[in-house]
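Chemist: Sharing a structure, written as structure tokens. Questions coming.
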Amino acid sequence: APVAAPNNTTVRFMVGHSTVDSIYSALIKELVSSNTPEHQKHSDDIIYFANGDNPSPIAPNHYNAPEMVNTADVNGFACQRFPYCSPPCVDHTSPTVLHSPTDWAAFSVPNSTKTLGQWNQALGADIATTLVRVCYGRSFVFRRRELSRQSMETWTNLEVVMKSATVEDLLYAERSWAALIEKPIHKDVSIALHERSKCLMGDGTVD
């Protein structure tokens, strides 16, 4: 059964926002803008963005809330959805959410005017040059201070784009949340993962 919200929960109606990504971008802009000494005391707060369109958080292909919070407490970011293969994984391989930065940046949708990398570049985003994580499903947890990885200008640009987002913008935003927020994978770790992977799939995922 769904877990009830705490008694002190505040319900806000985000007027003018028609998508989950638009709401997320507005809330992040608000969090980053609140840079007073009082708010700085909460830089270690764990923030949980839950997409109401997702299946139950106790679904077998999703991490539960305690698991996500514990992961974010250690790593600064956690995604609700398990890694998965589409189509099904090849025998003796396992899915991952990590993409090579080149393939990640080259992703585009049909009839697109720009690639995922160009879309993020237009935002002014600082994206890792090592393996890049993608969090599908739009439900994730992060430590508040991780938002400082991107400039205020980037978060402002994202909020503006999301207010009148196209299908292209929504697809790119979903594939960018982790890359925008999560700490980059250390170069040595990235190299080790490449060396130990069985193959680098054509869609940019390491198996």
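Each chain in the structure tokens gets a letter, A, B and so on, in the order shown; residues start at 1 in every chain, and ligands are counted from 1 in the order they appear.
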Just asking: which residues within stretch 44-148 of chain A are strand (DSSP E or B) according to DSSP, as a PyMOL selection string?
Modeler: chain A and resi 46-49+62+77-79+81+98-99+132-133+140-143
Chemist: Neighbours of A:Leu180 within 7 Å (only C-alpha atoms; same-chain residues fewer than 2 positions away dropped), as number ranges by chain?
Modeler: A: 127, 150, 176-178, 182
Chemist: Take the residues from that selection and put them in a file with N, CA and C atoms, as a PDB file, in the first residue's frame.
Modeler:
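Result saved to part05.pdb:
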```pdb
ATOM      1  N   ILE A 127      28.895  18.980 -17.905  1.00  0.00           N
ATOM      2  CA  ILE A 127      28.660  17.538 -17.933  1.00  0.00           C
ATOM      3  C   ILE A 127      29.996  16.799 -17.876  1.00  0.00           C
ATOM      4  N   GLN A 150      26.126  22.809 -10.873  1.00  0.00           N
ATOM      5  CA  GLN A 150      25.748  23.622 -12.026  1.00  0.00           C
ATOM      6  C   GLN A 150      25.568  25.070 -11.587  1.00  0.00           C
ATOM      7  N   SER A 176      19.029  13.750 -18.626  1.00  0.00           N
ATOM      8  CA  SER A 176      20.038  14.698 -18.141  1.00  0.00           C
ATOM      9  C   SER A 176      20.039  14.902 -16.633  1.00  0.00           C
ATOM     10  N   TRP A 177      18.956  14.536 -15.944  1.00  0.00           N
ATOM     11  CA  TRP A 177      18.883  14.844 -14.512  1.00  0.00           C
ATOM     12  C   TRP A 177      20.086  14.309 -13.741  1.00  0.00           C
ATOM     13  N   ALA A 178      20.422  13.051 -13.942  1.00  0.00           N
ATOM     14  CA  ALA A 178      21.555  12.473 -13.212  1.00  0.00           C
ATOM     15  C   ALA A 178      22.857  13.166 -13.581  1.00  0.00           C
ATOM     16  N   GLU A 182      24.489  14.571 -10.312  1.00  0.00           N
ATOM     17  CA  GLU A 182      25.417  13.627  -9.681  1.00  0.00           C
ATOM     18  C   GLU A 182      26.876  14.038  -9.832  1.00  0.00           C
TER      19      GLU A 182
END
```
Chemist: Could you check which of A:Leu123, A:Ala173, A:Ile185, A:Met152 is closest to A:Lys29, using only C-alpha atoms?
Modeler: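 That would be A:Met152, the residue with the smallest distance to A:Lys29.
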Chemist: What's the 8 Å shell around stretch 169-172 of chain A, counting only C-alpha atoms, without same-chain residues fewer than 5 positions away, as a list in words?
Modeler: Asp21, Leu116, Trp119, Val161 and Met162 of chain A
Chemist: Export C-alpha atoms of the chosen residues as an mmCIF file, in the first residue's frame?
Modeler:
```
data_model
loop_
_atom_site.group_PDB
_atom_site.id
_atom_site.type_symbol
_atom_site.label_atom_id
_atom_site.label_comp_id
_atom_site.auth_asym_id
_atom_site.auth_seq_id
_atom_site.Cartn_x
_atom_site.Cartn_y
_atom_site.Cartn_z
ATOM 1 C CA ASP A 21 10.309 18.084 -15.525
ATOM 2 C CA LEU A 116 21.447 15.727 -26.271
ATOM 3 C CA TRP A 119 20.864 20.695 -25.756
ATOM 4 C CA VAL A 161 13.091 25.706 -21.412
ATOM 5 C CA MET A 162 10.866 23.424 -19.345
#
```
Chemist: Applying 10 Å and only C-alpha atoms, which residues near A:Ser148 remain after dropping the ones on its own chain fewer than 5 positions away? List them as number ranges by chain.
Modeler: A: 32, 43, 155, 180-181
Chemist: Taking only C-alpha atoms into account, name the residue in A:Ile23, A:Val11, A:Ala128, A:Leu193 that is nearest to A:Lys163.
Modeler: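 Closest residue, counting only C-alpha atoms: A:Ile23.
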Chemist: What is the distance, in Å and to one decimal place, between atom CA of A:Val20 and atom CA of A:Ser33?
Modeler: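 We find that atom CA of A:Val20 and atom CA of A:Ser33 lie 19.9 Å from each other.
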Chemist: Report, in Å with one decimal, the straight-line distance from atom CA of A:Ser25 to atom CA of A:Glu159.
Modeler: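 Pair atom CA of A:Ser25 / atom CA of A:Glu159 returns 5.0 Å.
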Chemist: Determine, for each residue of stretch 131-197 of chain A having at least one atom at most 8 Å from an atom of stretch 66-84 of chain A, the closest pair of atoms and their separation in Å to one decimal, counting only C-alpha atoms; order by chain and ascending number, as JSON lines.
Modeler:
```
{"residue": "A:Cys135", "atom": "CA", "partner": "A:Cys79", "partner_atom": "CA", "distance": 5.7}
{"residue": "A:Tyr136", "atom": "CA", "partner": "A:Arg81", "partner_atom": "CA", "distance": 6.6}
{"residue": "A:Gly137", "atom": "CA", "partner": "A:Arg81", "partner_atom": "CA", "distance": 6.6}
{"residue": "A:Ser139", "atom": "CA", "partner": "A:Gln80", "partner_atom": "CA", "distance": 5.6}
{"residue": "A:Phe140", "atom": "CA", "partner": "A:Cys79", "partner_atom": "CA", "distance": 4.4}
{"residue": "A:Val141", "atom": "CA", "partner": "A:Ala78", "partner_atom": "CA", "distance": 5.1}
{"residue": "A:Phe142", "atom": "CA", "partner": "A:Phe77", "partner_atom": "CA", "distance": 4.2}
{"residue": "A:Arg143", "atom": "CA", "partner": "A:Gly76", "partner_atom": "CA", "distance": 5.0}
{"residue": "A:Glu146", "atom": "CA", "partner": "A:Gly76", "partner_atom": "CA", "distance": 6.7}
{"residue": "A:Ala178", "atom": "CA", "partner": "A:Phe77", "partner_atom": "CA", "distance": 7.6}
{"residue": "A:Ile181", "atom": "CA", "partner": "A:Phe77", "partner_atom": "CA", "distance": 7.4}
{"residue": "A:Glu182", "atom": "CA", "partner": "A:Phe77", "partner_atom": "CA", "distance": 5.6}
{"residue": "A:Lys183", "atom": "CA", "partner": "A:Gly76", "partner_atom": "CA", "distance": 7.2}
```
Chemist: Which parts of stretch 3-206 of chain A does DSSP call helix (DSSP H, G or I) when run on the backbone here, written out as a ChimeraX atom specification?
Modeler: /A:20-33,37-40,65-75,101-106,116-123,144-149,152-163,167-174,177-181,187-196
Chemist: What does the distance from atom CA of A:Ser190 to atom CA of A:Thr115 come to in Å, to one decimal?
Modeler: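 So the two atoms, atom CA of A:Ser190 and atom CA of A:Thr115, lie 23.1 Å apart.
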Chemist: Do you know which residues are at most 6 Å from A:Leu131 counting only C-alpha atoms, after dropping those on the same chain fewer than 2 positions away, and could you put them as a list in words?
Modeler: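 The filter keeps Leu98, His99, Ser100, Pro101 and Ser190 of chain A.
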Chemist: Export C-alpha atoms of the chosen residues as a short mmCIF file (atom, residue, chain, number, x, y, z; two decimals), in the first residue's frame?
Modeler:
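The resulting result39.cif:
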```cif
data_model
loop_
_atom_site.label_atom_id
_atom_site.label_comp_id
_atom_site.auth_asym_id
_atom_site.auth_seq_id
_atom_site.Cartn_x
_atom_site.Cartn_y
_atom_site.Cartn_z
CA LEU A 98 26.33 4.34 -17.42
CA HIS A 99 26.90 5.68 -20.92
CA SER A 100 30.06 6.72 -22.66
CA PRO A 101 30.10 10.55 -22.77
CA SER A 190 35.69 5.23 -15.39
#
```
Chemist: What lies within 12 Å of A:Ser34 using only C-alpha atoms, ignoring chain neighbours under 3 positions off, as a list of chain:residue names?
Modeler: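 Non-adjacent residues within range: A:Leu27, A:Ile28, A:Lys29, A:Glu30, A:Leu31, A:Pro37, A:Glu38, A:His39, A:Gln40, A:Lys41, A:His42, A:Ser43, A:Arg144, A:Arg145, A:Leu147, A:Ser148, A:Met152.
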